[in-house]
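Chemist: Just one file: structure-v8.csv, with CSV, C-alpha atoms.
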chain,number,residue,atom,x,y,z
A,613,MET,CA,0.0,0.0,0.0
A,614,THR,CA,1.3,3.5,-0.9
A,615,SER,CA,1.1,6.0,1.9
A,616,PRO,CA,-0.9,9.1,0.9
A,617,PHE,CA,1.4,11.3,2.9
A,618,ARG,CA,4.3,11.2,5.4
A,619,VAL,CA,3.8,12.3,9.0
A,620,LEU,CA,6.3,13.3,11.6
A,621,PHE,CA,4.8,13.0,15.1
A,622,VAL,CA,6.5,15.1,17.8
A,623,ASP,CA,5.9,14.8,21.5
A,624,ASP,CA,8.2,14.5,24.5
A,625,GLU,CA,6.4,11.4,25.8
A,626,GLU,CA,8.3,8.6,24.1
A,627,GLU,CA,5.6,5.9,24.6
A,628,LEU,CA,2.9,8.2,23.2
A,629,VAL,CA,5.1,8.8,20.1
A,630,SER,CA,5.6,5.0,19.6
A,631,ALA,CA,1.9,4.2,20.0
A,632,VAL,CA,0.6,6.9,17.7
A,633,THR,CA,3.2,6.2,15.0
A,634,GLU,CA,2.5,2.5,15.2
A,635,ARG,CA,-1.2,3.2,14.8
A,636,LEU,CA,-0.6,5.4,11.8
A,637,GLU,CA,1.5,2.7,10.2
A,638,LEU,CA,-1.2,0.1,10.7
A,639,ARG,CA,-3.5,2.4,8.8
A,640,GLY,CA,-1.1,2.6,5.9
A,641,ILE,CA,0.4,6.1,6.8
A,642,GLU,CA,4.2,6.4,6.8
A,643,ALA,CA,5.0,7.9,10.1
A,644,ALA,CA,8.1,8.7,12.2
A,645,GLY,CA,8.5,10.1,15.6
A,646,CYS,CA,10.7,12.7,17.5
A,647,LEU,CA,10.9,13.7,21.1
A,648,SER,CA,11.7,17.4,20.7
A,649,GLY,CA,11.3,20.3,18.4
A,650,ARG,CA,15.1,20.4,17.8
A,651,ASP,CA,15.1,16.7,16.8
A,652,ALA,CA,12.1,17.4,14.5
A,653,LEU,CA,14.0,20.2,12.7
A,654,GLU,CA,17.0,17.9,12.2
A,655,ARG,CA,14.7,15.1,10.8
A,656,LEU,CA,13.1,17.6,8.4
A,657,ALA,CA,16.5,18.6,7.2
A,658,ALA,CA,17.2,15.0,6.3
A,659,GLU,CA,13.9,13.7,5.1
A,660,ARG,CA,10.7,14.9,3.3
A,661,PHE,CA,7.5,14.9,5.4
A,662,ASP,CA,4.1,16.3,4.3
A,663,PHE,CA,2.9,16.9,7.9
A,664,VAL,CA,4.4,17.6,11.3
A,665,VAL,CA,2.0,16.8,14.2
A,666,LEU,CA,3.4,18.7,17.1
A,667,ASP,CA,2.7,19.0,20.8
A,668,VAL,CA,2.5,22.7,21.8
A,669,LYS,CA,4.3,22.3,25.1
A,670,MET,CA,7.7,20.6,24.9
A,671,PRO,CA,11.1,20.9,26.6
A,672,GLY,CA,13.5,23.2,24.8
A,673,LEU,CA,12.1,24.7,21.7
A,674,GLY,CA,8.4,25.2,22.3
A,675,GLY,CA,5.8,24.3,19.6
A,676,LEU,CA,5.3,27.9,18.5
A,677,ASP,CA,9.0,28.4,17.9
A,678,VAL,CA,9.1,25.2,15.9
A,679,ILE,CA,6.2,26.3,13.7
A,680,ARG,CA,8.1,29.5,12.9
A,681,LEU,CA,11.2,27.6,12.0
A,682,ILE,CA,9.3,25.1,9.9
A,683,HIS,CA,7.6,27.8,7.9
A,684,GLU,CA,10.9,29.7,7.4
A,685,ASN,CA,12.9,26.6,6.3
A,686,TYR,CA,10.3,24.1,5.0
A,687,PRO,CA,7.4,26.1,3.7
A,688,GLY,CA,5.8,23.0,2.0
A,689,VAL,CA,5.4,21.2,5.3
A,690,LYS,CA,2.0,21.6,7.1
A,691,VAL,CA,1.8,21.7,10.8
A,692,VAL,CA,-1.0,20.3,13.0
A,693,LEU,CA,-0.8,21.2,16.7
A,694,LEU,CA,-1.8,19.1,19.7
A,695,THR,CA,-2.7,20.8,22.9
A,696,GLY,CA,-3.6,20.0,26.5
A,697,HIS,CA,-6.7,21.6,28.0
A,698,SER,CA,-4.6,24.4,29.5
A,699,SER,CA,-2.8,25.4,26.3
A,700,VAL,CA,-5.6,26.3,23.9
A,701,GLU,CA,-4.4,29.9,23.7
A,702,ASP,CA,-1.0,28.7,22.5
A,703,ALA,CA,-2.7,26.6,19.9
A,704,GLU,CA,-4.7,29.6,18.6
A,705,ALA,CA,-1.4,31.5,18.4
A,706,GLY,CA,-0.1,28.6,16.4
A,707,LEU,CA,-2.9,28.9,13.9
A,708,ARG,CA,-2.0,32.6,13.5
A,709,LEU,CA,1.6,31.4,12.8
A,710,GLY,CA,0.3,29.2,10.0
A,711,ALA,CA,-0.6,25.8,11.6
A,712,VAL,CA,-3.4,24.2,9.6
A,713,ALA,CA,-5.3,23.0,12.6
A,714,TYR,CA,-5.1,22.1,16.2
A,715,LEU,CA,-6.5,19.1,18.1
A,716,GLN,CA,-6.9,18.6,21.8
A,717,LYS,CA,-5.3,15.7,23.6
A,718,PRO,CA,-6.1,12.8,23.9
A,719,VAL,CA,-5.5,12.3,20.2
A,720,ASP,CA,-8.5,10.9,18.4
A,721,LEU,CA,-6.7,9.1,15.5
A,722,ASP,CA,-9.7,9.2,13.2
A,723,ALA,CA,-10.1,13.0,13.8
A,724,LEU,CA,-6.4,13.5,13.2
A,725,LEU,CA,-6.6,11.5,9.9
A,726,ASP,CA,-9.6,13.6,8.8
A,727,VAL,CA,-7.6,16.8,9.5
A,728,LEU,CA,-4.6,15.5,7.5
A,729,ARG,CA,-6.7,14.3,4.5
A,730,THR,CA,-8.6,17.6,4.4
A,731,ALA,CA,-5.4,19.7,4.7
A,732,GLN,CA,-3.7,17.6,2.0
A,733,ASP,CA,-6.4,18.5,-0.6
B,1428,MET,CA,14.9,27.1,68.4
B,1429,GLU,CA,12.6,29.7,66.8
B,1430,ARG,CA,10.4,28.3,64.0
B,1431,SER,CA,8.1,30.0,61.7
B,1432,SER,CA,5.6,28.8,59.1
B,1433,VAL,CA,5.8,29.0,55.4
B,1434,PRO,CA,3.9,32.2,54.4
B,1435,PRO,CA,0.4,31.0,53.4
B,1436,ALA,CA,0.5,32.5,49.9
B,1437,GLU,CA,3.8,30.9,49.2
B,1438,ALA,CA,2.6,27.6,50.5
B,1439,LEU,CA,-0.5,27.7,48.4
B,1440,ARG,CA,1.4,28.7,45.3
B,1441,PHE,CA,3.8,25.8,45.7
B,1442,PHE,CA,1.1,23.3,46.5
B,1443,GLY,CA,-0.9,24.4,43.4
B,1444,ARG,CA,2.1,24.2,41.2
B,1445,THR,CA,3.1,20.8,42.4
B,1446,VAL,CA,-0.5,19.4,42.0
B,1447,ALA,CA,-0.8,21.0,38.5
B,1448,GLY,CA,2.5,19.5,37.3
B,1449,THR,CA,1.7,16.1,38.7
B,1450,THR,CA,-1.8,16.0,37.3
B,1451,HIS,CA,-0.4,17.0,33.9
B,1452,GLU,CA,1.9,13.9,34.1
B,1453,LEU,CA,-1.1,11.8,35.1
B,1454,VAL,CA,-3.0,13.1,32.0
B,1455,ASN,CA,0.0,12.0,29.9
B,1456,VAL,CA,-0.2,8.5,31.5
B,1457,LEU,CA,-3.9,8.3,30.7
B,1458,ASN,CA,-3.3,9.5,27.1
B,1459,ILE,CA,-0.7,6.8,26.6
B,1460,VAL,CA,-2.9,4.1,28.0
B,1461,GLY,CA,-5.7,5.3,25.6
B,1462,GLU,CA,-3.3,5.1,22.7
B,1463,LEU,CA,-2.1,1.6,23.6
B,1464,ALA,CA,-5.8,0.5,23.9
B,1465,GLY,CA,-6.4,2.0,20.5
B,1466,LEU,CA,-3.4,0.2,19.1
B,1467,GLN,CA,-4.7,-3.1,20.5
B,1468,ASP,CA,-8.1,-2.4,18.8
B,1469,ASP,CA,-6.3,-1.6,15.5
B,1470,LEU,CA,-4.4,-4.9,15.7
B,1471,LEU,CA,-7.6,-6.9,16.4
B,1472,ARG,CA,-9.4,-5.1,13.6
B,1473,GLY,CA,-6.5,-6.2,11.3
B,1474,VAL,CA,-7.0,-9.8,12.5
B,1475,ALA,CA,-10.7,-9.5,11.7
B,1476,ALA,CA,-9.8,-8.3,8.2
B,1477,GLY,CA,-7.6,-11.4,7.7
B,1478,ARG,CA,-4.1,-10.4,9.0
B,1479,PRO,CA,-2.3,-13.0,11.2
B,1480,LEU,CA,-2.6,-12.5,14.9
B,1481,ASP,CA,0.7,-11.2,16.3
B,1482,LEU,CA,0.7,-12.7,19.8
B,1483,ALA,CA,4.2,-11.3,20.7
B,1484,LYS,CA,2.9,-7.8,19.8
B,1485,LEU,CA,-0.2,-8.2,21.9
B,1486,SER,CA,1.9,-9.4,24.8
B,1487,THR,CA,4.2,-6.4,24.5
B,1488,LEU,CA,1.2,-4.1,24.5
B,1489,ALA,CA,0.1,-5.6,27.8
B,1490,GLU,CA,3.5,-5.0,29.3
B,1491,ARG,CA,3.6,-1.4,28.0
B,1492,THR,CA,0.1,-0.7,29.4
B,1493,ARG,CA,1.1,-2.2,32.7
B,1494,ALA,CA,4.3,0.0,32.9
B,1495,GLN,CA,2.1,3.1,32.4
B,1496,THR,CA,-0.4,2.0,35.1
B,1497,GLU,CA,2.6,1.5,37.5
B,1498,ARG,CA,3.9,4.9,36.6
B,1499,GLY,CA,0.4,6.4,37.3
B,1500,HIS,CA,0.1,4.6,40.6
B,1501,ALA,CA,3.6,5.8,41.7
B,1502,LEU,CA,2.7,9.4,40.8
B,1503,LEU,CA,-0.5,9.1,42.8
B,1504,ARG,CA,1.2,7.5,45.8
B,1505,HIS,CA,3.8,10.4,45.9
B,1506,LEU,CA,1.1,13.0,45.3
B,1507,ASN,CA,-0.9,11.6,48.2
B,1508,ARG,CA,2.2,11.6,50.4
B,1509,PHE,CA,2.9,15.2,49.4
B,1510,ALA,CA,-0.7,16.2,50.1
B,1511,HIS,CA,-0.6,14.8,53.6
B,1512,SER,CA,2.7,16.6,54.3
B,1513,VAL,CA,0.6,19.7,55.2
B,1514,ASP,CA,-1.4,17.8,57.8
B,1515,HIS,CA,1.0,18.6,60.6
B,1516,GLU,CA,3.7,21.3,61.0
B,1517,CYS,CA,5.8,18.9,63.1
B,1518,VAL,CA,5.9,15.2,62.3
B,1519,SER,CA,8.5,12.5,62.0
B,1520,TYR,CA,9.5,11.9,58.4
B,1521,ASP,CA,12.1,9.8,56.6
B,1522,LEU,CA,14.4,11.9,54.5
B,1523,GLY,CA,14.9,9.0,52.0
B,1524,ASP,CA,11.1,8.9,51.5
B,1525,LEU,CA,11.0,12.6,51.1
B,1526,PHE,CA,13.7,12.4,48.4
B,1527,ASP,CA,11.7,9.7,46.6
B,1528,THR,CA,8.6,11.9,46.6
B,1529,PHE,CA,10.5,15.0,45.7
B,1530,ALA,CA,12.2,13.3,42.7
B,1531,ALA,CA,8.9,11.8,41.4
B,1532,LEU,CA,7.0,15.0,41.6
B,1533,ALA,CA,9.9,17.1,40.1
B,1534,GLU,CA,10.2,14.8,37.1
B,1535,ARG,CA,8.2,17.0,34.8
B,1536,THR,CA,10.0,20.2,35.9
B,1537,VAL,CA,13.3,18.5,35.3
B,1538,ARG,CA,12.3,17.1,32.0
B,1539,LEU,CA,11.0,20.5,30.8
B,1540,ALA,CA,14.4,22.0,31.7
B,1541,ARG,CA,16.0,19.1,29.7
B,1542,ALA,CA,18.1,18.1,32.7
B,1543,ARG,CA,18.5,14.9,34.7
B,1544,LEU,CA,18.1,14.6,38.4
B,1545,THR,CA,20.3,12.1,40.2
B,1546,VAL,CA,19.3,11.3,43.8
B,1547,ARG,CA,21.7,9.9,46.3
B,1548,PRO,CA,19.5,9.2,49.4
B,1549,PRO,CA,21.1,8.9,52.8
B,1550,LEU,CA,22.9,5.5,53.2
B,1551,ALA,CA,20.9,4.6,56.3
B,1552,THR,CA,17.4,5.5,57.4
B,1553,LEU,CA,17.4,9.1,58.5
B,1554,VAL,CA,14.3,10.2,60.4
B,1555,LEU,CA,13.8,13.9,61.2
B,1556,LEU,CA,11.2,15.6,63.3
B,1557,GLY,CA,10.0,18.8,61.6
B,1558,SER,CA,7.9,19.9,58.6
B,1559,PRO,CA,8.2,17.6,55.5
B,1560,PHE,CA,6.2,20.2,53.5
B,1561,ALA,CA,8.6,23.0,54.3
B,1562,ALA,CA,11.5,20.7,53.5
B,1563,HIS,CA,10.0,19.8,50.2
B,1564,LEU,CA,9.5,23.5,49.4
B,1565,ALA,CA,13.1,24.2,50.4
B,1566,LEU,CA,14.4,21.5,48.1
B,1567,SER,CA,12.2,22.7,45.3
B,1568,LEU,CA,13.5,26.3,45.6
B,1569,CYS,CA,17.0,25.0,45.4
B,1570,LEU,CA,16.2,22.9,42.3
B,1571,ASP,CA,14.4,25.7,40.6
B,1572,ALA,CA,17.5,27.9,41.0
B,1573,VAL,CA,19.8,25.2,39.7
B,1574,LEU,CA,17.5,24.5,36.7
B,1575,GLN,CA,17.1,28.2,35.8
B,1576,GLY,CA,20.5,28.5,34.2
B,1577,SER,CA,21.0,24.9,33.3
B,1578,PRO,CA,22.3,24.1,29.8
B,1579,PRO,CA,20.6,21.2,28.1
B,1580,ASN,CA,21.3,17.6,29.2
B,1581,ARG,CA,23.1,18.6,32.4
B,1582,GLU,CA,22.9,16.5,35.5
B,1583,VAL,CA,21.5,18.0,38.8
B,1584,HIS,CA,22.3,16.0,41.9
B,1585,LEU,CA,20.6,15.8,45.3
B,1586,SER,CA,22.3,14.1,48.2
B,1587,ALA,CA,22.2,13.9,52.0
B,1588,HIS,CA,24.2,12.8,54.9
B,1589,PRO,CA,23.5,12.8,58.6
B,1590,THR,CA,24.8,15.4,61.0
B,1591,PRO,CA,24.6,15.5,64.8
B,1592,ALA,CA,21.7,17.9,64.6
B,1593,GLY,CA,19.9,16.4,61.6
B,1594,ALA,CA,21.0,16.1,58.0
B,1595,THR,CA,23.0,18.1,55.4
B,1596,VAL,CA,21.3,18.2,52.0
B,1597,ILE,CA,23.2,19.2,48.9
B,1598,VAL,CA,21.5,20.3,45.7
B,1599,GLY,CA,23.6,21.3,42.7
B,1600,GLY,CA,24.7,21.0,39.2
B,1601,SER,CA,28.2,20.8,37.7
B,1602,GLY,CA,30.2,22.8,35.2
B,1603,ALA,CA,29.5,26.2,33.7
B,1604,TRP,CA,26.0,27.5,34.0
B,1605,GLY,CA,24.0,30.2,32.1
B,1606,VAL,CA,22.6,32.3,34.9
B,1607,ALA,CA,24.3,33.6,38.1
B,1608,TRP,CA,22.7,33.1,41.4
B,1609,GLU,CA,20.9,36.3,42.7
B,1610,PRO,CA,21.3,36.8,46.4
B,1611,SER,CA,17.8,38.4,46.5
B,1612,ARG,CA,16.4,34.9,45.9
B,1613,GLU,CA,17.7,33.7,49.2
B,1614,GLU,CA,14.8,35.1,51.3
B,1615,PRO,CA,12.1,32.5,50.2
B,1616,LEU,CA,14.6,29.7,50.8
B,1617,ARG,CA,15.4,31.2,54.3
B,1618,GLN,CA,11.7,31.3,55.0
B,1619,ALA,CA,11.1,27.7,53.9
B,1620,LEU,CA,14.2,26.5,55.9
B,1621,ALA,CA,13.0,28.4,59.0
B,1622,ALA,CA,9.8,26.4,58.9
B,1623,CYS,CA,11.6,23.0,58.4
B,1624,PRO,CA,13.5,24.0,60.7
B,1625,GLY,CA,16.8,24.3,59.0
B,1626,ARG,CA,19.4,26.8,57.7
B,1627,ILE,CA,21.5,27.7,54.7
B,1628,VAL,CA,25.1,26.3,55.2
B,1629,SER,CA,26.4,27.7,52.0
B,1630,ILE,CA,25.5,28.8,48.4
B,1631,SER,CA,28.3,28.8,45.9
B,1632,ALA,CA,27.6,30.0,42.4
B,1633,ALA,CA,29.8,32.6,40.6
B,1634,ASP,CA,29.6,31.6,36.9
B,1635,GLN,CA,29.5,27.9,37.8
B,1636,ALA,CA,26.4,25.8,38.6
B,1637,PRO,CA,24.9,26.8,41.8
B,1638,LEU,CA,25.5,24.5,44.7
B,1639,PHE,CA,23.2,24.7,47.7
B,1640,THR,CA,24.2,23.1,51.0
B,1641,VAL,CA,21.5,23.3,53.6
B,1642,GLU,CA,21.0,21.7,57.0
B,1643,LEU,CA,17.6,20.2,58.0
B,1644,LEU,CA,17.4,20.1,61.7
B,1645,ASP,CA,15.8,17.4,63.8
B,1646,LEU,CA,13.6,18.9,66.4
B,1647,ALA,CA,13.9,15.7,68.5
B,1648,HIS,CA,17.7,16.3,68.8
B,1649,LEU,CA,17.1,20.0,69.6
B,1650,GLY,CA,15.0,19.0,72.6
B,1651,ALA,CA,12.0,20.9,71.4
B,1652,GLU,CA,8.7,20.2,73.0
B,1653,HIS,CA,6.5,19.4,70.1
B,1654,GLY,CA,3.7,16.9,69.8
B,1655,GLU,CA,4.9,14.3,67.4
B,1656,ASN,CA,2.4,12.9,64.8
B,1657,ARG,CA,2.6,10.2,62.2
B,1658,HIS,CA,2.0,10.6,58.5
B,1659,ALA,CA,-1.4,9.7,57.3
B,1660,SER,CA,-1.4,8.0,54.0
Turn this file's structure into C-alpha cells for me.

Modeler:
Amino acid sequence: MTSPFRVLFVDDEEELVSAVTERLELRGIEAAGCLSGRDALERLAAERFDFVVLDVKMPGLGGLDVIRLIHENYPGVKVVLLTGHSSVEDAEAGLRLGAVAYLQKPVDLDALLDVLRTAQD
Amino acid sequence: MERSSVPPAEALRFFGRTVAGTTHELVNVLNIVGELAGLQDDLLRGVAAGRPLDLAKLSTLAERTRAQTERGHALLRHLNRFAHSVDHECVSYDLGDLFDTFAALAERTVRLARARLTVRPPLATLVLLGSPFAAHLALSLCLDAVLQGSPPNREVHLSAHPTPAGATVIVGGSGAWGVAWEPSREEPLRQALAACPGRIVSISAADQAPLFTVELLDLAHLGAEHGENRHAS
C-alpha cells in the first residue's frame, strides 16, 4: 500500500510517540516520531515529510518556535498542533503562525486523519 | 529554636504548582494508556480483516500498558504523600522517602528543563522531626534555582548525609551555568528553611552551577517540645 502522505509526530512522551506512529503505520500512513522540536527540525533537514503533528508544550524549543522555524525553512510542510486543555491559547497563536489545525489531547486518531486528509487537498 | 511557618500565599502557590505539574503527568499517562488500547483495537481489527494474529505484539502491548499504570500509581502515591505533608507542621519523616517523593514530583519540571536529576539518598534510614512540607519546598526552591540556568542535558544532583543535629542536604549542578545566582532569591529559601526547621550552610555560584548546602534540623535532637504525629497515607 502506498502512503498518501508522510507524517512526523513530535511529543516529549516517548511511549505516546511510539503508540501513535504504530497506529498510523497500521492504517497505511508512513510515520516517524521525534521527542523534541530540535530533533524534528533535524529530521526535516534529512527527510521529506508532508505533515508535522506537534505538541505545543515541549522541553527546549516550544511548539510555537518550531512552527516559525518550519515555515521559514520548510514552507511546504504543514503543521497540526496538539494541545492540552490548558494550552488552547498557544494553539490559537499557532494557527496565526500558519498551523493548519489544532486538536486537543487525547489524540483521536480518526479525527487526526480527517484533518490530515482535508489539509492535503 | 525559633520556628516560623511558610507564608500561606507561598505555601498555596507551591502546593498548586506541584499538583498541577503532577496531574499533567497523570494526563500523559492516561493519554498513553488510551493510545495503547487504540493500538490493540487496531491490531484486532486487522485480524478480523484477515491479517495474522501477532501474539508477541499483543503481549508487548500488555507490558507497555502495565508499565504506564505502574507509573500512574507511583505518581498518585507520591502526590498523596505530598498532600498529607501539610497535615502537621511537626511530624517524624524519613528523608529517603521525602527524596523519593520530591524526585517523582519534580520529574516534569526537570524534563521540561532538559536536565537529569540524580538522587543519592542517605545511606541509612534518616528520620527527622520537623515539617516535611517545608523541607519539600526548600528542596524545590534550590532545584528551581539550579535548573534556571541549566544548559541542556546537564545533571543535577541531590544528596544527603546525617549530622549531629539532623542532615545536610546538597542540591547542585556541575560545570558552567548560564545564569548567576541572585542573592535576592535567598529570602524565600530562608523562610522555607525556618519552617523546616533548617538553615543555609552555603550557596556557591559565581559563573559555575549553583551548589546549595542546607541543613535540615531534627527537632527531636534539639529537645524541642513538640507533639509528634505520624504521617497519614

Chemist: Show me a table, sorted first by chain and then by increasing residue number, of the residues of chain A having an atom at most 6 Å from chain B, each with its shortest atom pair and the distance in Å to one decimal, counting all atoms listed in the file and written as JSON lines.

Modeler:
{"residue": "A:Leu628", "atom": "CA", "partner": "B:Ile1459", "partner_atom": "CA", "distance": 5.1}
{"residue": "A:Ala631", "atom": "CA", "partner": "B:Glu1462", "partner_atom": "CA", "distance": 5.9}
{"residue": "A:Arg635", "atom": "CA", "partner": "B:Leu1466", "partner_atom": "CA", "distance": 5.7}
{"residue": "A:Pro671", "atom": "CA", "partner": "B:Leu1539", "partner_atom": "CA", "distance": 4.2}
{"residue": "A:Pro718", "atom": "CA", "partner": "B:Asn1458", "partner_atom": "CA", "distance": 5.4}

Chemist: Considering all atoms listed in the file, can you say which of B:Ala1531, B:Ala1483, B:Val1641, B:Leu1570 comes closest to Thr1590 of chain B?

Modeler: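 Of B:Ala1531, B:Ala1483, B:Val1641, B:Leu1570, the one nearest Thr1590 of chain B is B:Val1641, counting all atoms listed in the file.
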
Chemist: Considering only C-alpha atoms, return as an MDAnalysis selection string whatever protein or nucleic-acid residues lie within 10 Å of Phe661 of chain A, sequence-local ones (same chain, fewer than 5 positions apart) excluded.

Modeler: chainID A and resid 617:620 642:644 655:656 686 688:690

Chemist: Give me, as a PyMOL selection string, all polymer residues having an atom no more than 7 Å from Ser1586 of chain B, counting all atoms listed in the file and skipping those fewer than 3 positions away in the same chain.

Modeler: chain B and resi 1546-1548+1596-1598

Chemist: Limited to C-alpha atoms, could you put the picked residues into a file as a PDB file, keeping the file's coordinate frame?

Modeler:
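This went into selection.pdb:
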ATOM      1  CA  VAL B1546      19.300  11.300  43.800  1.00  0.00           C
ATOM      2  CA  ARG B1547      21.700   9.900  46.300  1.00  0.00           C
ATOM      3  CA  PRO B1548      19.500   9.200  49.400  1.00  0.00           C
ATOM      4  CA  VAL B1596      21.300  18.200  52.000  1.00  0.00           C
ATOM      5  CA  ILE B1597      23.200  19.200  48.900  1.00  0.00           C
ATOM      6  CA  VAL B1598      21.500  20.300  45.700  1.00  0.00           C
TER       7      VAL B1598
END

Chemist: Identify the residues within 10 Å of coordinate (17.8, 9.8, 62.9) (same frame as the file), considering all atoms listed in the file, and give the answer as a list in words.

Modeler: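 Within the cut-off we find Ser1519, Tyr1520, Asp1521, Leu1522, Ala1551, Thr1552, Leu1553, Val1554, Leu1555, Leu1556, Pro1589, Thr1590, Pro1591, Ala1592, Gly1593, Ala1594, Asp1645, Ala1647 and His1648 of chain B.
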